[in-house]
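Note: the block below is data.cif and it holds mmCIF, N, CA and C atoms and all ligand atoms.
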data_my_file
loop_
_atom_site.label_atom_id
_atom_site.label_comp_id
_atom_site.auth_asym_id
_atom_site.auth_seq_id
_atom_site.Cartn_x
_atom_site.Cartn_y
_atom_site.Cartn_z
N MET C 438 52.71 -53.22 -168.84
CA MET C 438 52.23 -53.55 -170.17
C MET C 438 51.56 -54.91 -170.18
N GLN C 439 50.43 -55.00 -170.87
CA GLN C 439 49.72 -56.28 -170.97
C GLN C 439 50.44 -57.19 -171.96
N LYS C 440 50.61 -58.45 -171.62
CA LYS C 440 51.38 -59.36 -172.49
C LYS C 440 50.50 -60.02 -173.54
N ILE C 441 49.24 -60.27 -173.20
CA ILE C 441 48.31 -60.90 -174.16
C ILE C 441 47.10 -60.00 -174.26
N MET C 442 46.73 -59.66 -175.48
CA MET C 442 45.56 -58.79 -175.69
C MET C 442 44.44 -59.65 -176.27
N SER C 443 43.30 -59.65 -175.58
CA SER C 443 42.23 -60.58 -175.97
C SER C 443 41.63 -60.23 -177.32
N ASP C 444 41.78 -58.94 -177.75
CA ASP C 444 41.18 -58.56 -179.03
C ASP C 444 42.22 -58.47 -180.15
N CYS C 445 43.39 -59.09 -179.92
CA CYS C 445 44.47 -58.98 -180.91
C CYS C 445 44.57 -60.27 -181.73
N VAL C 446 44.49 -60.12 -183.05
CA VAL C 446 44.50 -61.29 -183.93
C VAL C 446 45.81 -62.06 -183.81
N PHE C 447 46.93 -61.36 -183.63
CA PHE C 447 48.21 -62.08 -183.55
C PHE C 447 48.37 -62.77 -182.19
N CYS C 448 47.83 -62.18 -181.11
CA CYS C 448 47.84 -62.89 -179.83
C CYS C 448 47.02 -64.18 -179.96
N LYS C 449 45.92 -64.10 -180.72
CA LYS C 449 45.09 -65.30 -180.92
C LYS C 449 45.82 -66.34 -181.77
N ILE C 450 46.61 -65.88 -182.72
CA ILE C 450 47.41 -66.81 -183.53
C ILE C 450 48.48 -67.45 -182.65
N VAL C 451 49.14 -66.64 -181.81
CA VAL C 451 50.18 -67.17 -180.92
C VAL C 451 49.59 -68.23 -179.98
N SER C 452 48.39 -67.98 -179.48
CA SER C 452 47.78 -68.92 -178.51
C SER C 452 47.14 -70.12 -179.21
N GLY C 453 47.00 -70.05 -180.53
CA GLY C 453 46.39 -71.15 -181.27
C GLY C 453 44.88 -71.01 -181.43
N GLU C 454 44.32 -69.92 -180.88
CA GLU C 454 42.86 -69.70 -180.99
C GLU C 454 42.45 -69.47 -182.45
N ILE C 455 43.34 -68.81 -183.21
CA ILE C 455 43.12 -68.66 -184.65
C ILE C 455 44.18 -69.50 -185.35
N ALA C 456 43.73 -70.30 -186.32
CA ALA C 456 44.67 -71.19 -187.04
C ALA C 456 45.54 -70.37 -187.98
N SER C 457 46.75 -70.83 -188.17
CA SER C 457 47.65 -70.18 -189.13
C SER C 457 48.62 -71.22 -189.66
N GLU C 458 49.26 -70.87 -190.75
CA GLU C 458 50.26 -71.76 -191.35
C GLU C 458 51.62 -71.36 -190.79
N VAL C 459 52.05 -72.10 -189.77
CA VAL C 459 53.30 -71.76 -189.06
C VAL C 459 54.50 -72.28 -189.86
N LEU C 460 55.46 -71.36 -190.11
CA LEU C 460 56.68 -71.74 -190.82
C LEU C 460 57.78 -72.10 -189.84
N PHE C 461 57.79 -71.41 -188.71
CA PHE C 461 58.90 -71.53 -187.77
C PHE C 461 58.43 -70.98 -186.43
N GLU C 462 58.98 -71.56 -185.37
CA GLU C 462 58.59 -71.09 -184.03
C GLU C 462 59.77 -71.33 -183.09
N ASN C 463 60.06 -70.37 -182.25
CA ASN C 463 60.97 -70.64 -181.13
C ASN C 463 60.33 -70.07 -179.86
N HIS C 464 61.10 -69.97 -178.80
CA HIS C 464 60.53 -69.57 -177.51
C HIS C 464 59.86 -68.19 -177.58
N HIS C 465 60.45 -67.29 -178.37
CA HIS C 465 59.99 -65.89 -178.36
C HIS C 465 59.20 -65.46 -179.58
N VAL C 466 59.30 -66.24 -180.66
CA VAL C 466 58.83 -65.75 -181.96
C VAL C 466 58.06 -66.83 -182.70
N VAL C 467 57.04 -66.41 -183.45
CA VAL C 467 56.41 -67.34 -184.39
C VAL C 467 56.40 -66.68 -185.77
N SER C 468 56.61 -67.48 -186.80
CA SER C 468 56.54 -66.96 -188.16
C SER C 468 55.47 -67.72 -188.92
N ILE C 469 54.60 -66.96 -189.58
CA ILE C 469 53.45 -67.55 -190.28
C ILE C 469 53.37 -66.99 -191.69
N LEU C 470 52.56 -67.63 -192.52
CA LEU C 470 52.26 -67.05 -193.82
C LEU C 470 51.18 -65.99 -193.67
N ASP C 471 51.40 -64.84 -194.30
CA ASP C 471 50.39 -63.77 -194.31
C ASP C 471 49.19 -64.26 -195.12
N ILE C 472 48.00 -64.02 -194.58
CA ILE C 472 46.79 -64.53 -195.23
C ILE C 472 46.42 -63.75 -196.49
N ASN C 473 46.92 -62.53 -196.60
CA ASN C 473 46.69 -61.70 -197.81
C ASN C 473 48.05 -61.28 -198.37
N PRO C 474 48.73 -62.18 -199.03
CA PRO C 474 50.13 -61.93 -199.38
C PRO C 474 50.32 -60.95 -200.54
N ILE C 475 51.43 -60.23 -200.48
CA ILE C 475 51.88 -59.41 -201.62
C ILE C 475 52.31 -60.36 -202.74
N HIS C 476 53.05 -61.39 -202.37
CA HIS C 476 53.37 -62.52 -203.26
C HIS C 476 53.15 -63.77 -202.43
N PHE C 477 52.85 -64.90 -203.05
CA PHE C 477 52.72 -66.15 -202.31
C PHE C 477 54.03 -66.43 -201.59
N GLY C 478 53.93 -66.82 -200.35
CA GLY C 478 55.12 -67.05 -199.53
C GLY C 478 55.43 -65.88 -198.60
N HIS C 479 54.74 -64.75 -198.78
CA HIS C 479 54.89 -63.58 -197.90
C HIS C 479 54.72 -64.04 -196.44
N ALA C 480 55.76 -63.82 -195.64
CA ALA C 480 55.76 -64.31 -194.26
C ALA C 480 55.73 -63.16 -193.27
N LEU C 481 55.27 -63.47 -192.08
CA LEU C 481 55.28 -62.51 -190.96
C LEU C 481 56.12 -63.12 -189.84
N VAL C 482 56.87 -62.29 -189.17
CA VAL C 482 57.65 -62.74 -188.01
C VAL C 482 57.13 -61.96 -186.81
N ILE C 483 56.59 -62.69 -185.84
CA ILE C 483 55.78 -62.07 -184.78
C ILE C 483 56.32 -62.45 -183.41
N PRO C 484 56.65 -61.47 -182.56
CA PRO C 484 57.02 -61.84 -181.18
C PRO C 484 55.81 -62.43 -180.47
N LYS C 485 56.03 -63.41 -179.61
CA LYS C 485 54.89 -64.05 -178.94
C LYS C 485 54.25 -63.12 -177.91
N VAL C 486 55.03 -62.21 -177.38
CA VAL C 486 54.50 -61.23 -176.43
C VAL C 486 53.91 -60.07 -177.22
N HIS C 487 52.81 -59.51 -176.71
CA HIS C 487 52.16 -58.40 -177.41
C HIS C 487 52.92 -57.09 -177.18
N TYR C 488 53.51 -56.55 -178.25
CA TYR C 488 54.07 -55.19 -178.25
C TYR C 488 53.38 -54.47 -179.39
N ARG C 489 52.94 -53.27 -179.13
CA ARG C 489 52.17 -52.55 -180.13
C ARG C 489 53.00 -52.20 -181.36
N ASP C 490 54.22 -51.77 -181.13
CA ASP C 490 55.04 -51.34 -182.27
C ASP C 490 56.52 -51.49 -181.93
N PHE C 491 57.36 -51.08 -182.86
CA PHE C 491 58.80 -51.24 -182.74
C PHE C 491 59.34 -50.61 -181.45
N LEU C 492 58.84 -49.43 -181.11
CA LEU C 492 59.37 -48.72 -179.94
C LEU C 492 58.95 -49.39 -178.63
N GLU C 493 57.92 -50.22 -178.66
CA GLU C 493 57.48 -50.92 -177.44
C GLU C 493 58.25 -52.21 -177.20
N LEU C 494 58.96 -52.71 -178.21
CA LEU C 494 59.63 -54.00 -178.07
C LEU C 494 60.58 -54.01 -176.88
N ASP C 495 60.60 -55.10 -176.16
CA ASP C 495 61.61 -55.29 -175.11
C ASP C 495 62.93 -55.64 -175.81
N PRO C 496 64.00 -54.88 -175.54
CA PRO C 496 65.27 -55.18 -176.18
C PRO C 496 65.70 -56.64 -176.03
N GLY C 497 65.18 -57.30 -175.00
CA GLY C 497 65.52 -58.71 -174.79
C GLY C 497 65.03 -59.62 -175.92
N CYS C 498 64.11 -59.14 -176.75
CA CYS C 498 63.61 -60.01 -177.83
C CYS C 498 64.23 -59.67 -179.19
N TYR C 499 65.11 -58.65 -179.23
CA TYR C 499 65.70 -58.26 -180.52
C TYR C 499 66.39 -59.44 -181.22
N THR C 500 67.19 -60.16 -180.44
CA THR C 500 67.98 -61.23 -181.06
C THR C 500 67.08 -62.33 -181.60
N SER C 501 66.08 -62.75 -180.81
CA SER C 501 65.19 -63.83 -181.29
C SER C 501 64.42 -63.37 -182.52
N LEU C 502 64.02 -62.11 -182.51
CA LEU C 502 63.23 -61.59 -183.64
C LEU C 502 64.06 -61.62 -184.92
N LEU C 503 65.27 -61.09 -184.84
CA LEU C 503 66.10 -61.04 -186.05
C LEU C 503 66.61 -62.43 -186.44
N THR C 504 66.87 -63.26 -185.44
CA THR C 504 67.28 -64.63 -185.76
C THR C 504 66.13 -65.35 -186.45
N GLY C 505 64.92 -65.18 -185.93
CA GLY C 505 63.74 -65.79 -186.55
C GLY C 505 63.56 -65.27 -187.97
N ALA C 506 63.72 -63.97 -188.15
CA ALA C 506 63.58 -63.38 -189.49
C ALA C 506 64.62 -63.96 -190.44
N ARG C 507 65.83 -64.14 -189.95
CA ARG C 507 66.88 -64.67 -190.82
C ARG C 507 66.59 -66.12 -191.22
N ILE C 508 66.15 -66.92 -190.27
CA ILE C 508 65.87 -68.33 -190.54
C ILE C 508 64.76 -68.45 -191.59
N VAL C 509 63.71 -67.67 -191.41
CA VAL C 509 62.57 -67.74 -192.33
C VAL C 509 62.94 -67.17 -193.70
N THR C 510 63.68 -66.07 -193.71
CA THR C 510 64.08 -65.46 -194.99
C THR C 510 64.96 -66.43 -195.77
N ALA C 511 65.90 -67.07 -195.09
CA ALA C 511 66.78 -68.03 -195.78
C ALA C 511 65.96 -69.17 -196.37
N ALA C 512 64.92 -69.61 -195.65
CA ALA C 512 64.07 -70.70 -196.14
C ALA C 512 63.24 -70.24 -197.34
N LEU C 513 62.77 -68.98 -197.30
CA LEU C 513 62.03 -68.44 -198.45
C LEU C 513 62.92 -68.39 -199.67
N VAL C 514 64.12 -67.88 -199.49
CA VAL C 514 65.06 -67.74 -200.61
C VAL C 514 65.34 -69.10 -201.23
N LYS C 515 65.57 -70.11 -200.38
CA LYS C 515 65.88 -71.45 -200.91
C LYS C 515 64.62 -72.11 -201.48
N GLY C 516 63.53 -72.06 -200.70
CA GLY C 516 62.31 -72.78 -201.09
C GLY C 516 61.66 -72.21 -202.33
N LEU C 517 61.75 -70.88 -202.50
CA LEU C 517 61.08 -70.24 -203.64
C LEU C 517 62.09 -69.75 -204.67
N ASN C 518 63.35 -70.08 -204.45
CA ASN C 518 64.40 -69.74 -205.41
C ASN C 518 64.43 -68.24 -205.70
N LEU C 519 64.47 -67.44 -204.65
CA LEU C 519 64.36 -65.97 -204.81
C LEU C 519 65.70 -65.33 -205.14
N GLU C 520 65.62 -64.28 -205.93
CA GLU C 520 66.80 -63.43 -206.17
C GLU C 520 66.79 -62.24 -205.23
N GLY C 521 65.62 -61.94 -204.66
CA GLY C 521 65.53 -60.77 -203.78
C GLY C 521 64.30 -60.84 -202.89
N PHE C 522 64.31 -60.01 -201.87
CA PHE C 522 63.17 -59.98 -200.92
C PHE C 522 63.18 -58.63 -200.23
N ASN C 523 62.04 -58.27 -199.66
CA ASN C 523 61.97 -57.08 -198.79
C ASN C 523 61.64 -57.52 -197.38
N ILE C 524 62.24 -56.84 -196.42
CA ILE C 524 61.87 -57.00 -195.00
C ILE C 524 61.43 -55.62 -194.54
N PHE C 525 60.21 -55.53 -194.02
CA PHE C 525 59.74 -54.22 -193.58
C PHE C 525 58.74 -54.36 -192.44
N SER C 526 58.45 -53.23 -191.83
CA SER C 526 57.51 -53.20 -190.73
C SER C 526 56.74 -51.89 -190.78
N ASN C 527 55.43 -51.97 -190.74
CA ASN C 527 54.59 -50.77 -190.68
C ASN C 527 54.33 -50.44 -189.22
N ASN C 528 54.55 -49.20 -188.84
CA ASN C 528 54.36 -48.79 -187.44
C ASN C 528 53.47 -47.56 -187.39
N GLY C 529 52.28 -47.72 -186.86
CA GLY C 529 51.31 -46.63 -186.80
C GLY C 529 50.35 -46.70 -187.98
N ARG C 530 49.11 -46.28 -187.72
CA ARG C 530 48.07 -46.39 -188.75
C ARG C 530 48.46 -45.65 -190.03
N ILE C 531 49.02 -44.43 -189.87
CA ILE C 531 49.35 -43.66 -191.09
C ILE C 531 50.49 -44.29 -191.89
N ALA C 532 51.23 -45.19 -191.23
CA ALA C 532 52.30 -45.89 -191.94
C ALA C 532 51.82 -47.22 -192.50
N GLY C 533 50.53 -47.50 -192.36
CA GLY C 533 49.97 -48.72 -192.95
C GLY C 533 49.80 -49.88 -192.00
N GLN C 534 50.09 -49.66 -190.71
CA GLN C 534 49.92 -50.78 -189.75
C GLN C 534 48.43 -51.05 -189.57
N SER C 535 48.05 -52.31 -189.71
CA SER C 535 46.64 -52.66 -189.51
C SER C 535 46.46 -53.62 -188.35
N VAL C 536 47.51 -54.34 -187.98
CA VAL C 536 47.46 -55.19 -186.78
C VAL C 536 48.45 -54.60 -185.78
N PHE C 537 47.93 -54.18 -184.64
CA PHE C 537 48.74 -53.40 -183.70
C PHE C 537 49.43 -54.31 -182.68
N HIS C 538 50.10 -55.29 -183.22
CA HIS C 538 50.98 -56.21 -182.50
C HIS C 538 52.20 -56.29 -183.42
N PHE C 539 53.33 -55.79 -182.95
CA PHE C 539 54.49 -55.63 -183.83
C PHE C 539 54.79 -56.89 -184.65
N HIS C 540 55.21 -56.70 -185.88
CA HIS C 540 55.61 -57.82 -186.73
C HIS C 540 56.49 -57.32 -187.86
N LEU C 541 57.32 -58.22 -188.35
CA LEU C 541 58.10 -57.96 -189.56
C LEU C 541 57.45 -58.69 -190.72
N HIS C 542 57.41 -58.04 -191.87
CA HIS C 542 57.00 -58.69 -193.11
C HIS C 542 58.25 -59.14 -193.85
N VAL C 543 58.21 -60.34 -194.41
CA VAL C 543 59.26 -60.79 -195.32
C VAL C 543 58.57 -61.18 -196.62
N THR C 544 58.85 -60.43 -197.69
CA THR C 544 58.12 -60.68 -198.93
C THR C 544 59.07 -61.07 -200.06
N PRO C 545 58.72 -62.11 -200.79
CA PRO C 545 59.48 -62.45 -201.99
C PRO C 545 59.42 -61.31 -203.00
N ARG C 546 60.47 -61.15 -203.79
CA ARG C 546 60.44 -60.22 -204.92
C ARG C 546 60.88 -60.98 -206.17
N TYR C 547 60.32 -60.57 -207.30
CA TYR C 547 60.64 -61.23 -208.56
C TYR C 547 60.99 -60.17 -209.59
N ARG C 548 61.82 -60.57 -210.52
CA ARG C 548 62.17 -59.67 -211.63
C ARG C 548 60.88 -59.22 -212.32
N ASP C 549 60.75 -57.94 -212.59
CA ASP C 549 59.58 -57.38 -213.29
C ASP C 549 58.27 -57.68 -212.58
N ASP C 550 58.31 -57.83 -211.24
CA ASP C 550 57.01 -58.02 -210.57
C ASP C 550 56.28 -56.68 -210.51
N ASP C 551 55.02 -56.73 -210.04
CA ASP C 551 54.18 -55.53 -210.17
C ASP C 551 54.21 -54.68 -208.90
N ILE C 552 55.23 -54.85 -208.07
CA ILE C 552 55.29 -54.08 -206.83
C ILE C 552 56.15 -52.84 -207.06
N ARG C 553 55.60 -51.68 -206.81
CA ARG C 553 56.32 -50.42 -206.98
C ARG C 553 56.13 -49.56 -205.76
N PHE C 554 57.22 -49.10 -205.16
CA PHE C 554 57.11 -48.08 -204.14
C PHE C 554 57.22 -46.75 -204.88
N ILE C 555 56.12 -46.03 -204.99
CA ILE C 555 56.13 -44.77 -205.74
C ILE C 555 56.62 -43.68 -204.79
N LEU C 556 57.80 -43.20 -205.00
CA LEU C 556 58.40 -42.24 -204.07
C LEU C 556 58.79 -40.98 -204.84
N THR C 557 58.47 -39.84 -204.27
CA THR C 557 58.99 -38.58 -204.81
C THR C 557 60.11 -38.15 -203.87
N LEU C 558 61.32 -38.32 -204.29
CA LEU C 558 62.45 -38.04 -203.40
C LEU C 558 62.65 -36.54 -203.27
N LYS C 559 62.93 -36.08 -202.06
CA LYS C 559 63.10 -34.65 -201.79
C LYS C 559 64.58 -34.31 -201.82
N LYS C 560 64.85 -33.01 -201.94
CA LYS C 560 66.23 -32.53 -201.87
C LYS C 560 66.33 -31.59 -200.67
N TYR C 561 67.35 -31.79 -199.81
CA TYR C 561 67.59 -30.85 -198.72
C TYR C 561 68.08 -29.54 -199.33
N GLN C 562 67.50 -28.42 -198.87
CA GLN C 562 68.00 -27.10 -199.30
C GLN C 562 68.97 -26.60 -198.23
N ASN C 563 69.45 -25.34 -198.41
CA ASN C 563 70.50 -24.76 -197.54
C ASN C 563 70.31 -25.04 -196.06
N GLY C 564 71.24 -25.74 -195.47
CA GLY C 564 71.26 -25.93 -194.02
C GLY C 564 70.26 -26.94 -193.49
N GLU C 565 69.38 -27.43 -194.37
CA GLU C 565 68.31 -28.31 -193.87
C GLU C 565 68.84 -29.68 -193.43
N LEU C 566 69.85 -30.15 -194.13
CA LEU C 566 70.41 -31.47 -193.79
C LEU C 566 70.88 -31.45 -192.33
N LYS C 567 71.65 -30.39 -191.98
CA LYS C 567 72.17 -30.28 -190.62
C LYS C 567 71.03 -30.02 -189.63
N ARG C 568 70.08 -29.17 -190.04
CA ARG C 568 68.96 -28.86 -189.13
C ARG C 568 68.19 -30.13 -188.77
N TYR C 569 67.93 -30.98 -189.75
CA TYR C 569 67.20 -32.24 -189.45
C TYR C 569 68.05 -33.17 -188.60
N ALA C 570 69.35 -33.22 -188.93
CA ALA C 570 70.24 -34.07 -188.13
C ALA C 570 70.24 -33.59 -186.68
N ASP C 571 70.30 -32.25 -186.47
CA ASP C 571 70.30 -31.70 -185.10
C ASP C 571 69.00 -32.02 -184.37
N LEU C 572 67.88 -31.89 -185.08
CA LEU C 572 66.56 -32.17 -184.47
C LEU C 572 66.51 -33.59 -183.92
N ILE C 573 67.14 -34.49 -184.64
CA ILE C 573 67.12 -35.91 -184.24
C ILE C 573 68.21 -36.18 -183.21
N ARG C 574 69.41 -35.67 -183.49
CA ARG C 574 70.58 -35.98 -182.63
C ARG C 574 70.34 -35.61 -181.18
N ARG C 575 69.62 -34.50 -180.95
CA ARG C 575 69.46 -34.04 -179.56
C ARG C 575 68.58 -35.00 -178.75
N HIS C 576 67.92 -35.93 -179.44
CA HIS C 576 67.08 -36.91 -178.72
C HIS C 576 67.67 -38.31 -178.72
N ILE C 577 68.89 -38.44 -179.21
CA ILE C 577 69.52 -39.77 -179.19
C ILE C 577 69.80 -40.15 -177.73
N GLU C 578 69.21 -41.28 -177.33
CA GLU C 578 69.43 -41.78 -175.96
C GLU C 578 69.97 -43.19 -176.07
N VAL C 579 71.11 -43.40 -175.51
CA VAL C 579 71.70 -44.74 -175.52
C VAL C 579 71.59 -45.30 -174.11
N SER C 580 70.83 -46.39 -173.97
CA SER C 580 70.63 -46.89 -172.60
C SER C 580 71.50 -48.11 -172.36
P1 LIG C 601 50.21 -54.62 -191.18
O1 LIG C 601 49.12 -54.10 -192.10
O2 LIG C 601 49.84 -54.37 -189.73
O3 LIG C 601 51.60 -54.16 -191.52
O4 LIG C 601 50.24 -56.19 -191.42
C1 LIG C 601 49.29 -57.05 -190.91
C2 LIG C 601 49.26 -58.26 -191.80
O5 LIG C 601 48.59 -59.30 -191.10
C3 LIG C 601 48.50 -58.03 -193.10
O6 LIG C 601 49.38 -58.20 -194.20
C4 LIG C 601 47.38 -59.06 -193.07
O7 LIG C 601 47.16 -59.67 -194.31
C5 LIG C 601 47.87 -60.06 -192.04
N1 LIG C 601 46.79 -60.71 -191.31
C6 LIG C 601 45.72 -60.10 -190.72
N2 LIG C 601 44.93 -61.02 -190.14
C7 LIG C 601 45.53 -62.22 -190.34
C8 LIG C 601 45.17 -63.56 -189.96
O8 LIG C 601 44.15 -63.84 -189.31
N3 LIG C 601 46.02 -64.54 -190.35
C9 LIG C 601 47.17 -64.29 -191.05
N4 LIG C 601 47.93 -65.33 -191.37
N5 LIG C 601 47.52 -63.05 -191.43
C10 LIG C 601 46.70 -62.04 -191.09
ZN ZN C 602 48.81 -59.14 -179.67
#
Written as structure tokens, how would this file's structure read?
Ligand code: 5GP
Ligand code: ZN
Amino acid sequence: MQKIMSDCVFCKIVSGEIASEVLFENHHVVSILDINPIHFGHALVIPKVHYRDFLELDPGCYTSLLTGARIVTAALVKGLNLEGFNIFSNNGRIAGQSVFHFHLHVTPRYRDDDIRFILTLKKYQNGELKRYADLIRRHIEVS
């Protein structure tokens, strides 16, 4: 796997080729402000190594990634006096990923803000709950 992608905007941010507003940085992770925020203060937590998506991540970076996310989220909550926040990650174009270098979004939420996840929740019919569980369970691999 290639560690730095020359056409990747986040690799360029990590290397300093593209300027960004860095909130936090450690050996494995950098956190910056998203340039097109859902709310002001919307942060991204980005591994310094290029991984396309969640499934490509090296398990060795899980701890730094989540530790970085926690540090930045705690600072957002204190700095912006938040009552709530979302942490999410888009993986794959159909899921809304636009930068193909894995990252977590941390977004402030406010009472009565204009963000709505419009969801039509489904109901499992006869046997479907178990059928879906079986479809997934047979591929569970613990390494
Ligand atoms: P995705 O759509 O892949 O889940 O998230 C990518 C995010 O990166 C978007 O929210 C977008 O606004 C942000 N982004 C794209 N280019 C840049 C950039 O050059 N600088 C910063 N700070 N954020 C960027
Ligand atoms: Zn990259």
*Counting all atoms listed in the file, which protein, DNA or RNA residues come within 5 Å of ligand ZN 602 (chain C), given as a ChimeraX atom specification?*
/C:442,445,447-448,487,538
_Residue nearest ligand LIG 601 (chain C) - candidates C:Leu503, C:Ile475, C:Ile552, C:Val536, atoms counted: only C-alpha atoms and all ligand atoms_ =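 Counting only C-alpha atoms and all ligand atoms, the residue closest to ligand LIG 601 (chain C) is C:Val536.
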*Rank C:Pro474, C:Thr504, C:Ala512, C:Arg489 by their smallest atom-to-atom distance to Gly529 in chain C, using only N, CA and C atoms, and report the top residue only.*
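Using only N, CA and C atoms, Gly529 in chain C sits closest to C:Arg489.
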Residues up to 9 Å from ligand LIG 601 (chain C), counting only C-alpha atoms and all ligand atoms: could you list those as a short mmCIF file (atom, residue, chain, number, x, y, z; two decimals) with N, CA and C atoms, keeping the file's coordinate frame?
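result-v4.cif written:
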data_model
loop_
_atom_site.label_atom_id
_atom_site.label_comp_id
_atom_site.auth_asym_id
_atom_site.auth_seq_id
_atom_site.Cartn_x
_atom_site.Cartn_y
_atom_site.Cartn_z
N VAL C 446 44.49 -60.12 -183.05
CA VAL C 446 44.50 -61.29 -183.93
C VAL C 446 45.81 -62.06 -183.81
N PHE C 447 46.93 -61.36 -183.63
CA PHE C 447 48.21 -62.08 -183.55
C PHE C 447 48.37 -62.77 -182.19
N LYS C 449 45.92 -64.10 -180.72
CA LYS C 449 45.09 -65.30 -180.92
C LYS C 449 45.82 -66.34 -181.77
N ILE C 450 46.61 -65.88 -182.72
CA ILE C 450 47.41 -66.81 -183.53
C ILE C 450 48.48 -67.45 -182.65
N ILE C 455 43.34 -68.81 -183.21
CA ILE C 455 43.12 -68.66 -184.65
C ILE C 455 44.18 -69.50 -185.35
N ALA C 456 43.73 -70.30 -186.32
CA ALA C 456 44.67 -71.19 -187.04
C ALA C 456 45.54 -70.37 -187.98
N SER C 457 46.75 -70.83 -188.17
CA SER C 457 47.65 -70.18 -189.13
C SER C 457 48.62 -71.22 -189.66
N GLU C 458 49.26 -70.87 -190.75
CA GLU C 458 50.26 -71.76 -191.35
C GLU C 458 51.62 -71.36 -190.79
N VAL C 459 52.05 -72.10 -189.77
CA VAL C 459 53.30 -71.76 -189.06
C VAL C 459 54.50 -72.28 -189.86
N ILE C 469 54.60 -66.96 -189.58
CA ILE C 469 53.45 -67.55 -190.28
C ILE C 469 53.37 -66.99 -191.69
N LEU C 470 52.56 -67.63 -192.52
CA LEU C 470 52.26 -67.05 -193.82
C LEU C 470 51.18 -65.99 -193.67
N ASP C 471 51.40 -64.84 -194.30
CA ASP C 471 50.39 -63.77 -194.31
C ASP C 471 49.19 -64.26 -195.12
N ILE C 472 48.00 -64.02 -194.58
CA ILE C 472 46.79 -64.53 -195.23
C ILE C 472 46.42 -63.75 -196.49
N ASN C 473 46.92 -62.53 -196.60
CA ASN C 473 46.69 -61.70 -197.81
C ASN C 473 48.05 -61.28 -198.37
N PRO C 474 48.73 -62.18 -199.03
CA PRO C 474 50.13 -61.93 -199.38
C PRO C 474 50.32 -60.95 -200.54
N ILE C 475 51.43 -60.23 -200.48
CA ILE C 475 51.88 -59.41 -201.62
C ILE C 475 52.31 -60.36 -202.74
N HIS C 479 54.74 -64.75 -198.78
CA HIS C 479 54.89 -63.58 -197.90
C HIS C 479 54.72 -64.04 -196.44
N ALA C 480 55.76 -63.82 -195.64
CA ALA C 480 55.76 -64.31 -194.26
C ALA C 480 55.73 -63.16 -193.27
N LEU C 481 55.27 -63.47 -192.08
CA LEU C 481 55.28 -62.51 -190.96
C LEU C 481 56.12 -63.12 -189.84
N PHE C 525 60.21 -55.53 -194.02
CA PHE C 525 59.74 -54.22 -193.58
C PHE C 525 58.74 -54.36 -192.44
N SER C 526 58.45 -53.23 -191.83
CA SER C 526 57.51 -53.20 -190.73
C SER C 526 56.74 -51.89 -190.78
N ASN C 527 55.43 -51.97 -190.74
CA ASN C 527 54.59 -50.77 -190.68
C ASN C 527 54.33 -50.44 -189.22
N ASN C 528 54.55 -49.20 -188.84
CA ASN C 528 54.36 -48.79 -187.44
C ASN C 528 53.47 -47.56 -187.39
N GLY C 529 52.28 -47.72 -186.86
CA GLY C 529 51.31 -46.63 -186.80
C GLY C 529 50.35 -46.70 -187.98
N ARG C 530 49.11 -46.28 -187.72
CA ARG C 530 48.07 -46.39 -188.75
C ARG C 530 48.46 -45.65 -190.03
N ALA C 532 51.23 -45.19 -191.23
CA ALA C 532 52.30 -45.89 -191.94
C ALA C 532 51.82 -47.22 -192.50
N GLY C 533 50.53 -47.50 -192.36
CA GLY C 533 49.97 -48.72 -192.95
C GLY C 533 49.80 -49.88 -192.00
N GLN C 534 50.09 -49.66 -190.71
CA GLN C 534 49.92 -50.78 -189.75
C GLN C 534 48.43 -51.05 -189.57
N SER C 535 48.05 -52.31 -189.71
CA SER C 535 46.64 -52.66 -189.51
C SER C 535 46.46 -53.62 -188.35
N VAL C 536 47.51 -54.34 -187.98
CA VAL C 536 47.46 -55.19 -186.78
C VAL C 536 48.45 -54.60 -185.78
N PHE C 537 47.93 -54.18 -184.64
CA PHE C 537 48.74 -53.40 -183.70
C PHE C 537 49.43 -54.31 -182.68
N HIS C 538 50.10 -55.29 -183.22
CA HIS C 538 50.98 -56.21 -182.50
C HIS C 538 52.20 -56.29 -183.42
N PHE C 539 53.33 -55.79 -182.95
CA PHE C 539 54.49 -55.63 -183.83
C PHE C 539 54.79 -56.89 -184.65
N HIS C 540 55.21 -56.70 -185.88
CA HIS C 540 55.61 -57.82 -186.73
C HIS C 540 56.49 -57.32 -187.86
N LEU C 541 57.32 -58.22 -188.35
CA LEU C 541 58.10 -57.96 -189.56
C LEU C 541 57.45 -58.69 -190.72
N HIS C 542 57.41 -58.04 -191.87
CA HIS C 542 57.00 -58.69 -193.11
C HIS C 542 58.25 -59.14 -193.85
#
*So which residues touch Lys485 in chain C within 8 Å, counting only C-alpha atoms, skipping near sequence neighbours fewer than 5 positions away, as a ChimeraX atom specification?*
/C:448,451,465-467
*From chain C, collect each residue whose DSSP state is alpha helix (DSSP H) and return the set as a ChimeraX atom specification.*
/C:446-452,499-516,565-574
Box along x, y and z, 3 Å on every side, all listed atoms of range 458-462 of chain C inside: centre and edge lengths in Å to one decimal, as AutoDock Vina command-line options.
--center_x 54.5 --center_y -71.6 --center_z -187.2 --size_x 16.5 --size_y 7.4 --size_z 14.3
*Select, from C:Leu566, C:Leu572, C:Leu513, C:Leu519, the residue with the minimum atom-to-atom distance to Ser468 in chain C, counting only C-alpha atoms.*
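Ranked by minimum distance to Ser468 in chain C, first place goes to C:Leu513.
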*Which one of C:Val486, C:Ile573, C:Gly478, C:Val543 sits closest to Ala506 in chain C if you count only N, CA and C atoms?*
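Of C:Val486, C:Ile573, C:Gly478, C:Val543, the one nearest Ala506 in chain C, counting only N, CA and C atoms, is C:Val543.
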*Please measure the separation of atom N of Leu517 in chain C and atom C of Glu462 in chain C, giving the value in Å to one decimal.*
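Between these atoms lies a distance of 19.5 Å.
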_What's around Tyr547 in chain C at 7 Å? Count only N, CA and C atoms, leave out sequence neighbours fewer than 4 positions away in its own chain, and write the answer as a PyMOL selection string._
chain C and resi 520-522+551
